[in-house]
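Trainee: Structure file target-v8.txt (compact mmCIF, C-alpha atoms) is given on the next line.
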```
# COMPACT_ATOMS: atom_id res chain seq x y z
CA MET J 1 0.30 46.63 150.65
CA ASN J 2 2.52 44.96 153.23
CA ARG J 3 6.29 45.07 153.10
CA ARG J 4 6.76 41.36 152.62
CA SER J 5 4.57 41.11 149.56
CA LEU J 6 6.19 44.22 148.12
CA LEU J 7 9.60 42.61 148.40
CA VAL J 8 8.32 39.36 146.94
CA ALA J 9 6.96 41.23 143.95
CA ALA J 10 10.18 43.19 143.54
CA GLY J 11 12.28 40.04 143.59
CA ALA J 12 10.04 38.12 141.25
CA VAL J 13 10.02 40.58 138.39
CA GLY J 14 13.17 42.42 137.46
CA VAL J 15 11.67 45.69 136.29
CA THR J 16 13.11 47.99 138.93
CA THR J 17 16.38 48.75 137.19
CA ALA J 18 16.88 52.45 136.49
CA VAL J 19 16.81 53.66 132.91
CA GLY J 20 20.40 54.45 133.60
CA GLY J 21 23.16 56.82 132.74
CA ALA J 22 23.44 59.97 130.74
CA ALA J 23 21.39 58.73 127.84
CA ALA J 24 21.92 60.47 124.54
CA ALA J 25 19.08 62.45 123.03
CA ILE J 26 16.93 60.30 120.78
CA ALA J 27 15.29 61.73 117.68
CA ALA J 28 13.03 59.25 115.95
CA VAL J 29 9.85 59.19 113.94
CA ASP J 30 6.90 58.68 116.31
CA PRO J 31 5.25 55.36 115.32
CA GLU J 32 2.13 56.15 117.36
CA ALA J 33 1.35 59.45 115.64
CA GLY J 34 -2.16 59.52 114.23
CA ARG J 35 -3.56 56.94 116.66
CA ARG J 36 -4.32 57.99 120.22
CA PRO J 37 -3.50 61.61 121.17
CA GLN J 38 0.24 61.65 121.70
CA PRO J 39 1.95 63.73 124.39
CA MET J 40 3.90 66.80 123.41
CA LEU J 41 5.94 66.22 126.57
CA THR J 42 6.21 63.63 129.33
CA TRP J 43 8.10 63.83 132.60
CA GLU J 44 8.38 60.50 134.37
CA LEU J 45 10.47 58.54 136.82
CA ALA J 46 11.94 55.15 136.03
CA GLY J 47 13.63 52.52 138.15
CA GLY J 48 14.94 53.17 141.61
CA PHE J 49 14.69 50.86 144.62
CA VAL J 50 10.95 50.26 144.49
CA PRO J 51 8.95 47.05 144.12
CA ALA J 52 7.93 45.86 140.69
CA CYS J 53 4.25 46.44 141.45
CA TRP J 54 4.89 50.12 142.15
CA THR J 55 6.92 50.43 138.96
CA LEU J 56 4.03 49.05 136.93
CA LEU J 57 1.59 51.41 138.63
CA ARG J 58 3.71 54.58 138.61
CA ALA J 59 2.17 57.39 136.58
CA PRO J 60 4.10 60.12 134.76
CA ARG J 61 4.57 63.17 136.92
CA LEU J 62 3.40 65.41 134.12
CA VAL J 63 2.10 64.96 130.59
CA ALA J 64 1.41 67.86 128.21
CA TYR J 65 -0.65 67.55 125.03
CA ASP J 66 -0.76 69.73 121.92
CA ASP J 67 -4.10 71.27 122.88
CA GLY J 68 -2.61 72.69 126.10
CA VAL J 69 -3.98 70.01 128.42
CA LEU J 70 -1.68 69.05 131.28
CA ILE J 71 -2.28 65.93 133.37
CA ALA J 72 -0.32 65.63 136.60
CA ASP J 73 0.19 62.24 138.26
CA ALA J 74 -2.71 60.80 136.22
CA ALA J 75 -4.92 62.59 138.75
CA LYS J 76 -5.39 66.28 137.90
CA ARG J 77 -6.13 68.00 134.57
CA LEU J 78 -5.40 71.62 133.66
CA ARG J 79 -5.47 73.47 130.35
CA ILE J 80 -2.80 76.12 129.86
CA GLY J 81 -2.67 78.90 127.29
CA ALA J 82 -0.87 78.86 123.96
CA GLY J 83 1.93 81.07 125.31
CA ASP J 84 2.60 78.78 128.27
CA LEU J 85 2.54 75.73 126.02
CA ARG J 86 4.93 77.33 123.53
CA SER J 87 7.30 78.29 126.36
CA LEU J 88 7.27 74.71 127.65
CA ARG J 89 7.88 73.24 124.21
CA ASN J 90 10.73 75.64 123.43
CA ARG J 91 12.52 75.12 126.73
CA ALA J 92 12.14 71.35 126.64
CA THR J 93 13.33 70.92 123.05
CA THR J 94 16.28 73.27 123.61
CA VAL J 95 17.47 71.22 126.58
CA LEU J 96 16.71 67.79 125.16
CA ARG J 97 18.42 68.43 121.82
CA ASP J 98 21.79 68.65 123.55
CA PRO J 99 23.02 65.31 124.98
CA ALA J 100 25.60 67.23 127.04
CA ASN J 101 22.78 68.33 129.35
CA ALA J 102 22.46 64.73 130.60
CA ARG J 103 26.18 64.23 131.25
CA ARG J 104 27.14 64.20 134.89
CA ARG J 105 29.86 66.50 136.15
CA PRO J 106 33.12 64.55 136.65
CA GLY J 107 33.46 63.70 140.31
CA ALA J 108 29.81 64.40 141.14
CA PRO J 109 28.60 62.08 143.92
CA ILE J 110 26.44 59.14 142.93
CA VAL J 111 23.28 58.53 144.95
CA ALA J 112 22.35 54.85 145.09
CA ASP J 113 18.88 53.41 144.50
CA VAL J 114 17.29 56.61 143.23
CA PRO J 115 15.06 56.76 140.15
CA SER J 116 16.02 58.23 136.82
CA THR J 117 14.20 61.30 135.57
CA VAL J 118 13.16 60.72 131.96
CA ILE J 119 11.92 63.69 129.92
CA THR J 120 10.57 63.22 126.40
CA ALA J 121 9.38 65.91 124.00
CA ARG J 122 7.81 65.62 120.56
CA THR J 123 8.29 68.30 117.95
CA ASN J 124 7.58 68.22 114.22
CA GLY J 125 6.76 64.52 114.38
CA ARG J 126 10.04 63.57 116.05
CA ARG J 127 10.92 62.72 119.63
CA LEU J 128 13.75 63.92 121.86
CA ARG J 129 14.53 62.16 125.11
CA LEU J 130 17.10 62.45 127.88
CA SER J 131 17.52 60.40 131.04
CA PHE J 132 19.10 61.71 134.25
CA ASP J 133 20.02 59.44 137.17
CA GLY J 134 18.88 61.09 140.39
CA LEU J 135 18.30 64.52 138.87
CA GLU J 136 16.27 65.82 141.81
CA GLU J 137 18.52 64.21 144.41
CA THR J 138 21.70 65.75 142.96
CA ARG J 139 20.53 69.34 142.69
CA ARG J 140 22.62 70.50 145.67
CA ASP J 141 25.71 68.88 144.17
CA ARG J 142 25.04 70.31 140.70
CA ALA J 143 25.75 66.95 139.13
CA TYR J 144 24.17 68.00 135.84
CA PRO J 145 24.45 71.20 133.78
CA PRO J 146 22.20 74.15 134.78
CA PRO J 147 19.79 73.72 131.83
CA ALA J 148 18.72 70.32 133.20
CA TYR J 149 17.72 71.81 136.54
CA SER J 150 16.09 74.78 134.85
CA LEU J 151 13.84 72.44 132.87
CA LEU J 152 13.11 70.43 136.02
CA ASP J 153 12.04 73.65 137.78
CA HIS J 154 9.76 74.56 134.88
CA LEU J 155 8.10 71.15 134.93
CA THR J 156 7.79 71.19 138.72
CA GLN J 157 6.00 74.53 138.65
CA LEU J 158 3.52 73.29 136.04
CA ARG J 159 2.91 70.06 137.95
CA GLU J 160 2.26 71.94 141.18
CA ARG J 161 -0.05 74.33 139.33
CA ALA J 162 -2.03 71.44 137.85
CA ASN J 163 -2.33 69.67 141.20
CA ARG J 164 -3.35 72.90 142.91
CA SER J 165 -5.77 74.37 140.36
CA GLY J 166 -6.71 71.52 138.06
CA THR J 167 -9.84 69.41 137.97
CA PRO J 168 -9.89 65.67 138.74
CA TRP J 169 -8.94 63.41 135.86
CA ARG J 170 -11.52 60.60 135.86
CA PRO J 171 -11.73 58.66 132.57
CA ASP J 172 -13.45 55.28 132.24
CA ALA J 173 -10.05 53.70 131.76
CA VAL J 174 -7.73 52.37 134.45
CA ARG J 175 -4.55 50.35 134.85
CA LEU J 176 -4.93 47.43 137.25
CA VAL J 177 -1.84 46.02 138.99
CA ALA J 178 -2.16 42.70 140.82
CA THR J 179 0.38 40.99 143.07
CA LEU J 180 0.08 37.35 144.13
CA LEU J 181 0.65 36.31 147.70
CA GLU J 182 2.44 33.08 148.47
CA PRO J 183 -0.01 30.35 149.53
CA ALA J 184 1.31 30.21 153.10
CA GLN J 185 1.92 33.92 153.48
CA PRO J 186 -0.01 35.26 156.49
CA THR J 187 -1.91 38.52 156.31
CA THR J 188 -4.26 40.48 158.51
CA VAL J 189 -6.06 41.95 155.49
CA PRO J 190 -9.53 40.45 154.92
CA VAL J 191 -9.91 38.46 151.71
CA SER J 192 -12.84 39.35 149.42
CA ASN J 193 -14.26 37.42 146.50
CA TRP J 194 -13.00 38.45 143.09
CA PRO J 195 -15.03 41.54 142.08
CA ALA J 196 -17.82 40.98 139.58
CA GLY J 197 -17.24 42.57 136.19
CA VAL J 198 -13.45 42.74 136.57
CA PRO J 199 -11.45 40.46 134.24
CA VAL J 200 -9.18 38.01 136.01
CA PRO J 201 -5.51 38.82 135.37
CA HIS J 202 -3.23 36.19 133.91
CA PHE J 203 0.03 35.40 135.68
CA ARG J 204 2.70 33.64 133.65
CA LYS J 205 4.71 30.84 135.23
CA ASP J 206 6.85 32.13 138.13
CA GLU J 207 5.30 35.59 137.74
CA PHE J 208 4.04 37.30 140.89
CA VAL J 209 2.95 40.67 139.53
CA THR J 210 1.05 41.70 136.42
CA ARG J 211 -0.98 44.55 135.01
CA MET J 212 -4.06 45.00 132.82
CA ASP J 213 -5.57 48.07 131.18
CA LEU J 214 -9.34 48.15 131.64
CA ARG J 215 -11.86 50.31 129.80
CA ASP J 216 -15.60 50.80 129.56
CA ARG J 217 -17.64 48.68 132.02
CA SER J 218 -14.74 46.82 133.61
CA ALA J 219 -13.06 50.04 134.74
CA PRO J 220 -16.00 51.27 136.91
CA ALA J 221 -16.36 47.73 138.28
CA LEU J 222 -12.76 47.83 139.53
CA ILE J 223 -13.17 51.34 140.95
CA LYS J 224 -16.27 50.18 142.85
CA ALA J 225 -14.37 47.21 144.29
CA VAL J 226 -11.26 49.26 145.17
CA PRO J 227 -12.49 52.83 145.72
CA ARG J 228 -9.26 54.00 147.36
CA PRO J 229 -6.25 52.90 145.30
CA ASP J 230 -3.79 55.01 147.31
CA GLN J 231 -3.84 52.80 150.40
CA ALA J 232 -0.50 51.72 151.82
CA GLN J 233 -1.82 48.17 152.15
CA TRP J 234 -3.61 47.04 149.02
CA PRO J 235 -6.94 45.17 149.41
CA LEU J 236 -6.83 41.41 148.98
CA PHE J 237 -9.02 39.31 146.68
CA ARG J 238 -9.39 35.60 146.02
CA LEU J 239 -8.91 34.54 142.41
CA PRO J 240 -11.25 31.93 140.93
CA ASP J 241 -8.48 29.32 141.26
CA GLY J 242 -8.17 30.02 145.00
CA ARG J 243 -4.98 32.08 144.95
CA ARG J 244 -4.92 35.47 146.64
CA ALA J 245 -3.95 38.71 144.92
CA GLN J 246 -3.57 42.28 146.13
CA LEU J 247 -4.96 44.95 143.79
CA SER J 248 -4.44 48.61 143.09
CA TRP J 249 -5.01 50.85 140.07
CA ARG J 250 -4.61 54.30 138.55
CA PHE J 251 -6.40 56.18 135.79
CA LEU J 252 -5.02 55.78 132.28
CA LEU J 253 -3.82 58.76 130.28
CA PRO J 254 -5.25 59.64 126.84
CA HIS J 255 -2.28 58.14 124.99
CA GLU J 256 -2.09 54.90 126.99
```
Rewrite the coordinates I just gave you, this time as structure tokens.
Mentor:
Amino acid sequence: MNRRSLLVAAGAVGVTTAVGGAAAAIAAVDPEAGRRPQPMLTWELAGGFVPACWTLLRAPRLVAYDDGVLIADAAKRLRIGAGDLRSLRNRATTVLRDPANARRRPGAPIVADVPSTVITARTNGRRLRLSFDGLEETRRDRAYPPPAYSLLDHLTQLRERANRSGTPWRPDAVRLVATLLEPAQPTTVPVSNWPAGVPVPHFRKDEFVTRMDLRDRSAPALIKAVPRPDQAQWPLFRLPDGRRAQLSWRFLLPHE
């Protein structure tokens, strides 16, 4: 995806604001329980100086489910043992129960335009969540209490293990993100006809970026049309109304 269209998308949709601040721990009844499999833990990034299209496409860094399945970056799947899962749950809930773990040290430097690290854990039907602005970027300055970095290290090790030893995660379910180009915007990317079998996304008035979750037959149709979603410059397609849109996608997670 070229830089100009990225900036257009970022300016058109204001969804790049960081989650922000030392958020207090949240304990609430999970309204989704009993529907799709719900994560026991999620580690994700939010906000930062990135275009809106990347925000909509960004996958959690790590998701852990009650059966021991880990999914890293919506790309690799690994099942861990009961002991490893229990250790993860205990450490996460211990850290997330204490809002003080997300309070920055007075005088700690602030790094601009970095994402927030958001960690959520579910235990006994309730959720705990803390948000840390620039947690990874402030490690050297020890902006947050040691337990926050200890949990980050634990999650990082599991993510690296999943990416190294896991199997590909390839469900028949994907998230499509589409970004409109301005009518007069030049591009060197060839324009293809809208792929057969892929629903046409709807853009609201003055909206330049949107997303759709596709399942069953439409998901393989998109994958066939865009086999490499990790390209720096997204492929370009012509909508039925003549407008041009750049597309990318990622695999959906079990709870999405």
Trainee: Please tell me which residues are no farther than 9 Å from (-7.3, 59.5, 135.7) in the file, counting all atoms listed in the file, and write them as a list in words.
Mentor: Ile71, Asp73, Ala74, Ala75, Lys76, Arg77, Pro168, Trp169, Arg170, Pro171, Asp172, Ala173, Val174, Arg250, Phe251, Leu252 and Leu253 of chain J
Trainee: Identify which of the residues J:Leu222, J:Ile80, J:Pro145, J:Asp230 lies closest to Gly166 (chain J), counting all atoms listed in the file when measuring atom-to-atom distances.
Mentor: J:Ile80
Trainee: Could you work out how far CA of Arg86 (chain J) lies from CA of Ala148 (chain J), giving the answer in Å with one decimal?
Mentor: 18.2 Å
Trainee: What separation in Å, quoted to one decimal, exists between CA of Asp241 (chain J) and CA of Ala221 (chain J)?
Mentor: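 Atom-to-atom, CA of Asp241 (chain J) to CA of Ala221 (chain J), that is 20.2 Å.
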Trainee: My list of candidates is J:Arg104, J:Arg238, J:Arg164, J:Arg159. Which is closest to Val191 (chain J) when distances are computed with only C-alpha atoms?
Mentor: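 Under the stated criterion, the closest residue is J:Arg238.
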